[in-house]
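Visitor: This one is work_2.pdb, PDB, C-alpha atoms, pLDDT in the B column.
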ATOM      1  CA  MET L 192     -14.190-134.542  78.722  1.00 79.00           C
ATOM      2  CA  ILE L 193     -13.726-138.300  79.179  1.00 80.00           C
ATOM      3  CA  LYS L 194     -15.106-138.985  75.693  1.00 81.00           C
ATOM      4  CA  PHE L 195     -12.632-136.488  74.197  1.00 86.00           C
ATOM      5  CA  LEU L 196      -9.772-138.027  76.150  1.00 86.00           C
ATOM      6  CA  HIS L 197     -10.834-141.515  75.027  1.00 88.00           C
ATOM      7  CA  GLY L 198     -10.854-140.395  71.386  1.00 84.00           C
ATOM      8  CA  SER L 199      -7.541-138.559  71.647  1.00 87.00           C
ATOM      9  CA  TRP L 200      -5.748-141.321  73.537  1.00 92.00           C
ATOM     10  CA  ALA L 201      -6.773-143.746  70.768  1.00 92.00           C
ATOM     11  CA  ILE L 202      -4.305-142.031  68.439  1.00 94.00           C
ATOM     12  CA  LEU L 203      -1.479-142.780  70.865  1.00 96.00           C
ATOM     13  CA  VAL L 204      -2.615-146.406  71.180  1.00 96.00           C
ATOM     14  CA  LEU L 205      -2.675-146.863  67.408  1.00 96.00           C
ATOM     15  CA  LEU L 206       0.774-145.271  67.055  1.00 97.00           C
ATOM     16  CA  MET L 207       2.185-147.500  69.798  1.00 97.00           C
ATOM     17  CA  PHE L 208       0.807-150.607  68.099  1.00 98.00           C
ATOM     18  CA  VAL L 209       2.294-149.575  64.750  1.00 98.00           C
ATOM     19  CA  LEU L 210       5.660-148.766  66.322  1.00 97.00           C
ATOM     20  CA  THR L 211       5.736-152.033  68.256  1.00 97.00           C
ATOM     21  CA  LEU L 212       4.743-154.169  65.288  1.00 97.00           C
ATOM     22  CA  ILE L 213       7.299-152.513  62.987  1.00 97.00           C
ATOM     23  CA  ASN L 214      10.035-152.894  65.611  1.00 96.00           C
ATOM     24  CA  TYR L 215       9.227-156.539  66.284  1.00 97.00           C
ATOM     25  CA  LEU L 216       8.913-157.435  62.584  1.00 97.00           C
ATOM     26  CA  SER L 217      12.261-155.782  61.915  1.00 96.00           C
ATOM     27  CA  ALA L 218      13.888-157.576  64.844  1.00 96.00           C
ATOM     28  CA  TYR L 219      12.415-160.915  63.791  1.00 96.00           C
ATOM     29  CA  TYR L 220      13.673-160.722  60.222  1.00 95.00           C
ATOM     30  CA  LYS L 221      17.095-159.372  61.238  1.00 96.00           C
ATOM     31  CA  ASN L 222      17.491-162.166  63.832  1.00 95.00           C
ATOM     32  CA  ARG L 223      18.156-159.570  66.512  1.00 95.00           C
ATOM     33  CA  ILE L 224      18.583-160.773  70.085  1.00 95.00           C
ATOM     34  CA  PHE L 225      15.707-159.752  72.359  1.00 93.00           C
ATOM     35  CA  ASP L 226      16.629-156.662  74.359  1.00 91.00           C
ATOM     36  CA  ILE L 227      14.881-156.083  77.669  1.00 89.00           C
ATOM     37  CA  ASN L 228      15.511-152.331  77.604  1.00 90.00           C
ATOM     38  CA  ARG L 229      14.138-151.811  74.106  1.00 92.00           C
ATOM     39  CA  ASP L 230      11.860-154.664  73.115  1.00 94.00           C
ATOM     40  CA  PHE L 231      10.276-155.596  76.434  1.00 95.00           C
ATOM     41  CA  ARG L 232       9.647-151.993  77.414  1.00 96.00           C
ATOM     42  CA  LEU L 233       8.095-151.166  74.052  1.00 96.00           C
ATOM     43  CA  ALA L 234       5.650-154.067  74.349  1.00 96.00           C
ATOM     44  CA  SER L 235       4.943-153.051  77.969  1.00 97.00           C
ATOM     45  CA  PHE L 236       4.260-149.411  77.120  1.00 97.00           C
ATOM     46  CA  THR L 237       1.997-150.439  74.269  1.00 97.00           C
ATOM     47  CA  LEU L 238       0.004-152.679  76.584  1.00 97.00           C
ATOM     48  CA  ILE L 239      -0.164-149.979  79.267  1.00 97.00           C
ATOM     49  CA  THR L 240      -1.478-147.380  76.806  1.00 97.00           C
ATOM     50  CA  PHE L 241      -4.076-149.887  75.623  1.00 97.00           C
ATOM     51  CA  VAL L 242      -5.176-150.648  79.204  1.00 97.00           C
ATOM     52  CA  ILE L 243      -5.546-146.922  79.910  1.00 97.00           C
ATOM     53  CA  GLN L 244      -7.584-146.607  76.703  1.00 96.00           C
ATOM     54  CA  ALA L 245      -9.801-149.505  77.781  1.00 95.00           C
ATOM     55  CA  LEU L 246     -10.389-147.928  81.190  1.00 95.00           C
ATOM     56  CA  LEU L 247     -11.259-144.603  79.566  1.00 94.00           C
ATOM     57  CA  GLY L 248     -13.567-146.456  77.184  1.00 92.00           C
ATOM     58  CA  LEU L 249     -15.357-148.273  79.982  1.00 93.00           C
ATOM     59  CA  LEU L 250     -15.759-145.020  81.873  1.00 93.00           C
ATOM     60  CA  THR L 251     -17.120-143.383  78.729  1.00 90.00           C
ATOM     61  CA  TRP L 252     -19.497-146.273  78.095  1.00 88.00           C
ATOM     62  CA  PHE L 253     -20.895-146.379  81.635  1.00 90.00           C
ATOM     63  CA  THR L 254     -21.454-142.608  81.722  1.00 88.00           C
ATOM     64  CA  SER L 255     -23.003-142.412  78.248  1.00 84.00           C
ATOM     65  CA  SER L 256     -26.618-141.884  77.338  1.00 83.00           C
ATOM     66  CA  TYR L 257     -26.508-145.313  75.689  1.00 82.00           C
ATOM     67  CA  PHE L 258     -25.918-147.014  79.029  1.00 79.00           C
ATOM     68  CA  GLN L 259     -28.791-145.064  80.559  1.00 84.00           C
ATOM     69  CA  GLY L 260     -30.933-146.124  77.585  1.00 84.00           C
ATOM     70  CA  ILE L 261     -30.043-149.772  78.182  1.00 81.00           C
ATOM     71  CA  GLN L 262     -31.135-149.401  81.783  1.00 84.00           C
ATOM     72  CA  ARG L 263     -34.455-147.985  80.541  1.00 87.00           C
ATOM     73  CA  GLY L 264     -34.986-150.921  78.195  1.00 86.00           C
ATOM     74  CA  HIS L 265     -33.967-149.414  74.843  1.00 82.00           C
ATOM     75  CA  MET L 266     -31.553-152.183  73.896  1.00 86.00           C
ATOM     76  CA  GLY L 267     -33.857-153.481  71.163  1.00 87.00           C
ATOM     77  CA  ALA L 268     -33.891-150.071  69.470  1.00 87.00           C
ATOM     78  CA  TYR L 269     -30.092-149.887  69.666  1.00 85.00           C
ATOM     79  CA  MET L 270     -29.730-153.311  68.069  1.00 89.00           C
ATOM     80  CA  LYS L 271     -31.905-152.277  65.089  1.00 90.00           C
ATOM     81  CA  ASN L 272     -29.723-149.247  64.304  1.00 86.00           C
ATOM     82  CA  ALA L 273     -26.293-150.152  62.869  1.00 87.00           C
ATOM     83  CA  HIS L 274     -24.491-147.094  64.272  1.00 85.00           C
ATOM     84  CA  ASP L 275     -25.981-147.479  67.745  1.00 84.00           C
ATOM     85  CA  ARG L 276     -25.240-151.223  67.728  1.00 86.00           C
ATOM     86  CA  LEU L 277     -21.615-150.450  66.856  1.00 88.00           C
ATOM     87  CA  LEU L 278     -21.253-148.026  69.767  1.00 86.00           C
ATOM     88  CA  VAL L 279     -23.234-150.042  72.311  1.00 86.00           C
ATOM     89  CA  VAL L 280     -22.212-153.638  71.592  1.00 89.00           C
ATOM     90  CA  GLU L 281     -19.697-154.231  68.813  1.00 91.00           C
ATOM     91  CA  HIS L 282     -17.032-151.637  69.665  1.00 92.00           C
ATOM     92  CA  PRO L 283     -16.792-152.409  73.404  1.00 93.00           C
ATOM     93  CA  THR L 284     -16.897-156.178  72.862  1.00 94.00           C
ATOM     94  CA  MET L 285     -14.232-156.218  70.174  1.00 96.00           C
ATOM     95  CA  MET L 286     -11.976-153.881  72.136  1.00 95.00           C
ATOM     96  CA  LEU L 287     -12.158-156.138  75.178  1.00 96.00           C
ATOM     97  CA  ILE L 288     -11.336-159.156  72.989  1.00 97.00           C
ATOM     98  CA  ALA L 289      -8.428-157.188  71.506  1.00 97.00           C
ATOM     99  CA  LEU L 290      -7.225-156.364  75.029  1.00 97.00           C
ATOM    100  CA  VAL L 291      -7.335-160.040  76.020  1.00 98.00           C
ATOM    101  CA  LEU L 292      -5.349-160.957  72.888  1.00 98.00           C
ATOM    102  CA  ALA L 293      -2.753-158.295  73.692  1.00 98.00           C
ATOM    103  CA  PHE L 294      -2.395-159.588  77.266  1.00 97.00           C
ATOM    104  CA  TYR L 295      -2.095-163.154  75.993  1.00 98.00           C
ATOM    105  CA  GLY L 296       0.595-162.175  73.498  1.00 97.00           C
ATOM    106  CA  PHE L 297       2.499-160.228  76.141  1.00 97.00           C
ATOM    107  CA  ASN L 298       2.438-163.207  78.506  1.00 97.00           C
ATOM    108  CA  ARG L 299       3.572-165.581  75.742  1.00 96.00           C
ATOM    109  CA  MET L 300       6.395-163.181  74.938  1.00 96.00           C
ATOM    110  CA  LYS L 301       7.500-163.154  78.586  1.00 95.00           C
ATOM    111  CA  LYS L 302       7.453-166.954  78.840  1.00 95.00           C
ATOM    112  CA  ALA L 303       9.221-167.666  75.544  1.00 93.00           C
ATOM    113  CA  GLU L 304      12.876-168.610  75.833  1.00 93.00           C
ATOM    114  CA  HIS L 305      14.160-167.707  72.376  1.00 94.00           C
ATOM    115  CA  SER L 306      14.169-164.249  70.802  1.00 94.00           C
ATOM    116  CA  LYS L 307      12.365-165.366  67.645  1.00 95.00           C
ATOM    117  CA  LYS L 308       9.533-166.865  69.687  1.00 95.00           C
ATOM    118  CA  LYS L 309       9.275-163.698  71.769  1.00 95.00           C
ATOM    119  CA  TYR L 310       9.040-161.568  68.654  1.00 96.00           C
ATOM    120  CA  MET L 311       6.560-163.880  66.981  1.00 97.00           C
ATOM    121  CA  ALA L 312       4.244-163.907  70.024  1.00 96.00           C
ATOM    122  CA  ILE L 313       3.938-160.122  69.902  1.00 97.00           C
ATOM    123  CA  ILE L 314       3.702-159.987  66.120  1.00 97.00           C
ATOM    124  CA  ILE L 315       0.828-162.474  66.060  1.00 97.00           C
ATOM    125  CA  PHE L 316      -1.215-161.378  69.050  1.00 98.00           C
ATOM    126  CA  TYR L 317      -0.574-157.636  68.957  1.00 98.00           C
ATOM    127  CA  GLY L 318      -1.195-157.844  65.203  1.00 97.00           C
ATOM    128  CA  LEU L 319      -4.551-159.569  65.707  1.00 98.00           C
ATOM    129  CA  SER L 320      -5.418-157.092  68.420  1.00 98.00           C
ATOM    130  CA  PHE L 321      -4.489-154.183  66.149  1.00 97.00           C
ATOM    131  CA  LEU L 322      -6.671-155.561  63.341  1.00 97.00           C
ATOM    132  CA  LEU L 323      -9.641-155.937  65.686  1.00 96.00           C
ATOM    133  CA  ILE L 324      -9.138-152.378  66.881  1.00 96.00           C
ATOM    134  CA  LEU L 325      -9.020-151.024  63.334  1.00 95.00           C
ATOM    135  CA  GLY L 326     -12.070-153.051  62.373  1.00 93.00           C
ATOM    136  CA  ARG L 327     -14.303-151.754  65.133  1.00 90.00           C
ATOM    137  CA  ILE L 328     -13.294-148.130  65.585  1.00 89.00           C
ATOM    138  CA  PRO L 329     -16.381-146.013  64.936  1.00 83.00           C
ATOM    139  CA  TRP L 330     -14.680-144.073  62.139  1.00 82.00           C
ATOM    140  CA  LYS L 331     -17.703-141.857  61.338  1.00 81.00           C
ATOM    141  CA  THR L 332     -17.966-140.723  64.934  1.00 77.00           C
ATOM    142  CA  TRP L 333     -14.242-140.522  65.575  1.00 69.00           C
ATOM    143  CA  LEU L 334     -13.172-138.615  62.480  1.00 61.00           C
TER     144      LEU L 334
END
Please render this file's structure as structure tokens.

Guide:
Amino acid sequence: MIKFLHGSWAILVLLMFVLTLINYLSAYYKNRIFDINRDFRLASFTLITFVIQALLGLLTWFTSSYFQGIQRGHMGAYMKNAHDRLLVVEHPTMMLIALVLAFYGFNRMKKAEHSKKKYMAIIIFYGLSFLLILGRIPWKTWL
């Protein structure tokens, strides 16, 4: 159930990132003034959905057979298999890095004084986070 929820919620996370990046790129190039009700909330909701996804992912990872295999000493076998290595090491690590980048961008956006700097902080760091997410989604397993 948790694994299904983690996979399904990922669609919402990806859509939120796309929506946020399009909105912020549009606002940046149109020189729009930063709006707390629209822009700040959109970045907040995107970050919240990503945090929920990360929590679901950690719960999935710790309850998986892979985690039990690591406890039994099968890490070497997982590292030799590309698909297992992706699920056990690469995916969780990159998603946590992406989460840190998203938090950093959100905090830079909050601290910036000018609208353009606020927009650019989200565009850069949410964009990097989004690229890391796309690069390490286990597409064969997910689709």

Visitor: Using only C-alpha atoms, which residues sit within 7 Å of Val204 (chain L) once same-chain residues fewer than 5 positions away are excluded, as a list in words?

Guide: Thr237, Thr240 and Phe241 of chain L

Visitor: Can you spit out the residues from that selection as a PDB file, keeping the file's coordinate frame, using C-alpha atoms?

Guide:
ATOM      1  CA  THR L 237       1.997-150.439  74.269  1.00 97.00           C
ATOM      2  CA  THR L 240      -1.478-147.380  76.806  1.00 97.00           C
ATOM      3  CA  PHE L 241      -4.076-149.887  75.623  1.00 97.00           C
TER       4      PHE L 241
END

Visitor: Which of these, L:Gly264, L:Gly248, L:Gly198, L:Pro329, has the shortest distance to Leu277 (chain L) once you count all atoms listed in the file?

Guide: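 Closest to Leu277 (chain L), using all atoms listed in the file: L:Pro329.
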
Visitor: Quick one: which residues end up in the PyMOL selection byres ((chain L and resi 279) around 10) for this structure, as a list of chain:residue names?

Guide: L:Trp252, L:Ser255, L:Tyr257, L:Phe258, L:Ile261, L:Met266, L:Tyr269, L:Met270, L:Ala273, L:His274, L:Asp275, L:Arg276, L:Leu277, L:Leu278, L:Val280, L:Glu281, L:His282, L:Pro283, L:Thr284

Visitor: Kindly resolve the PyMOL selection byres ((chain L and resi 295) around 12) on the present coordinates and return the residues as a list in words.

Guide: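 What the PyMOL selection byres ((chain L and resi 295) around 12) grabs from the file is Leu238, Ile288, Ala289, Leu290, Val291, Leu292, Ala293, Phe294, Gly296, Phe297, Asn298, Arg299, Met300, Lys301, Lys302, Ala312, Ile313, Ile314, Ile315, Phe316, Tyr317, Leu319 and Ser320 of chain L.
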
Visitor: Between CA of Met286 (chain L) and CA of Tyr220 (chain L), what is the spacing in Å?

Guide: 29.1 Å

Visitor: When distances are computed from all atoms listed in the file, which of L:Arg327, L:Phe321, L:Ile193, L:Asn222 shows the smallest separation from Phe253 (chain L)?

Guide: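 Nearest candidate to Phe253 (chain L) out of L:Arg327, L:Phe321, L:Ile193, L:Asn222: L:Ile193.
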
Visitor: What is the CA of Gly318 (chain L) to CA of Leu206 (chain L) distance in Å?

Guide: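 So the answer is 12.9 Å.
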
Visitor: Between L:Lys309, L:Lys194, L:Lys271, L:Lys221, which is the closest to Thr332 (chain L) once you count only C-alpha atoms?

Guide: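 Checking each candidate against Thr332 (chain L), we get L:Lys194 as the closest.
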
Visitor: Could you check the closest approach to Leu323 (chain L) for each of L:Ile239, L:Leu287, L:Tyr310, L:Asp230 and tell me which residue wins, using only C-alpha atoms?

Guide: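 Smallest distance to Leu323 (chain L) is found for L:Leu287.
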
Visitor: Choose the residue, out of L:Ser217, L:Ile243, L:Asn228, L:Asn272, that has the smallest atom-to-atom separation from Leu203 (chain L); count all atoms listed in the file.

Guide: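 When distances to Leu203 (chain L) are compared using all atoms listed in the file, the smallest one comes from L:Ile243.
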
Visitor: Provide the CA of Ala201 (chain L) to CA of Leu247 (chain L) distance in Å, to one decimal place.

Guide: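 Calculated distance between CA of Ala201 (chain L) and CA of Leu247 (chain L) is 9.9 Å.
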
Visitor: With distances taken over only C-alpha atoms, which residue among L:Leu246, L:Arg232, L:Arg223, L:Asn214 lies nearest Trp200 (chain L)?

Guide: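 Of L:Leu246, L:Arg232, L:Arg223, L:Asn214, the one nearest Trp200 (chain L) is L:Leu246, counting only C-alpha atoms.
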
Visitor: Start from the incomplete input, build N, CA and C atoms for region 308-330 of chain L, and deliver everything as a compact mmCIF listing (two decimals), in the coordinates of the input.

Guide:
# COMPACT_ATOMS: atom_id res chain seq x y z
N LYS L 308 10.85 -166.53 69.14
CA LYS L 308 9.53 -166.86 69.69
C LYS L 308 8.93 -165.67 70.43
N LYS L 309 9.76 -164.90 71.09
CA LYS L 309 9.28 -163.70 71.77
C LYS L 309 8.71 -162.71 70.75
N TYR L 310 9.49 -162.50 69.69
CA TYR L 310 9.04 -161.57 68.65
C TYR L 310 7.76 -162.06 67.98
N MET L 311 7.71 -163.34 67.69
CA MET L 311 6.56 -163.88 66.98
C MET L 311 5.30 -163.81 67.84
N ALA L 312 5.41 -164.00 69.14
CA ALA L 312 4.24 -163.91 70.02
C ALA L 312 3.62 -162.51 69.94
N ILE L 313 4.45 -161.49 69.98
CA ILE L 313 3.94 -160.12 69.90
C ILE L 313 3.42 -159.83 68.50
N ILE L 314 4.14 -160.26 67.49
CA ILE L 314 3.70 -159.99 66.12
C ILE L 314 2.31 -160.58 65.88
N ILE L 315 2.11 -161.82 66.30
CA ILE L 315 0.83 -162.47 66.06
C ILE L 315 -0.28 -161.84 66.89
N PHE L 316 -0.10 -161.78 68.19
CA PHE L 316 -1.22 -161.38 69.05
C PHE L 316 -1.44 -159.87 69.10
N TYR L 317 -0.38 -159.08 69.07
CA TYR L 317 -0.57 -157.64 68.96
C TYR L 317 -1.12 -157.30 67.57
N GLY L 318 -0.69 -158.06 66.55
CA GLY L 318 -1.20 -157.84 65.20
C GLY L 318 -2.69 -158.13 65.12
N LEU L 319 -3.12 -159.25 65.68
CA LEU L 319 -4.55 -159.57 65.71
C LEU L 319 -5.33 -158.51 66.49
N SER L 320 -4.78 -158.12 67.60
CA SER L 320 -5.42 -157.09 68.42
C SER L 320 -5.55 -155.79 67.64
N PHE L 321 -4.49 -155.41 66.95
CA PHE L 321 -4.49 -154.18 66.15
C PHE L 321 -5.54 -154.26 65.04
N LEU L 322 -5.66 -155.41 64.39
CA LEU L 322 -6.67 -155.56 63.34
C LEU L 322 -8.08 -155.47 63.90
N LEU L 323 -8.32 -156.06 65.06
CA LEU L 323 -9.64 -155.94 65.69
C LEU L 323 -9.95 -154.49 66.05
N ILE L 324 -8.95 -153.78 66.54
CA ILE L 324 -9.14 -152.38 66.88
C ILE L 324 -9.51 -151.58 65.63
N LEU L 325 -8.74 -151.76 64.57
CA LEU L 325 -9.02 -151.02 63.33
C LEU L 325 -10.39 -151.37 62.76
N GLY L 326 -10.79 -152.62 62.92
CA GLY L 326 -12.07 -153.05 62.37
C GLY L 326 -13.28 -152.54 63.11
N ARG L 327 -13.14 -152.17 64.36
CA ARG L 327 -14.30 -151.75 65.13
C ARG L 327 -14.20 -150.35 65.71
N ILE L 328 -13.30 -149.55 65.22
CA ILE L 328 -13.29 -148.13 65.58
C ILE L 328 -14.48 -147.48 64.88
N PRO L 329 -15.27 -146.71 65.60
CA PRO L 329 -16.38 -146.01 64.94
C PRO L 329 -15.86 -144.82 64.15
N TRP L 330 -15.37 -145.08 62.95
CA TRP L 330 -14.68 -144.07 62.14
C TRP L 330 -15.54 -142.83 61.88
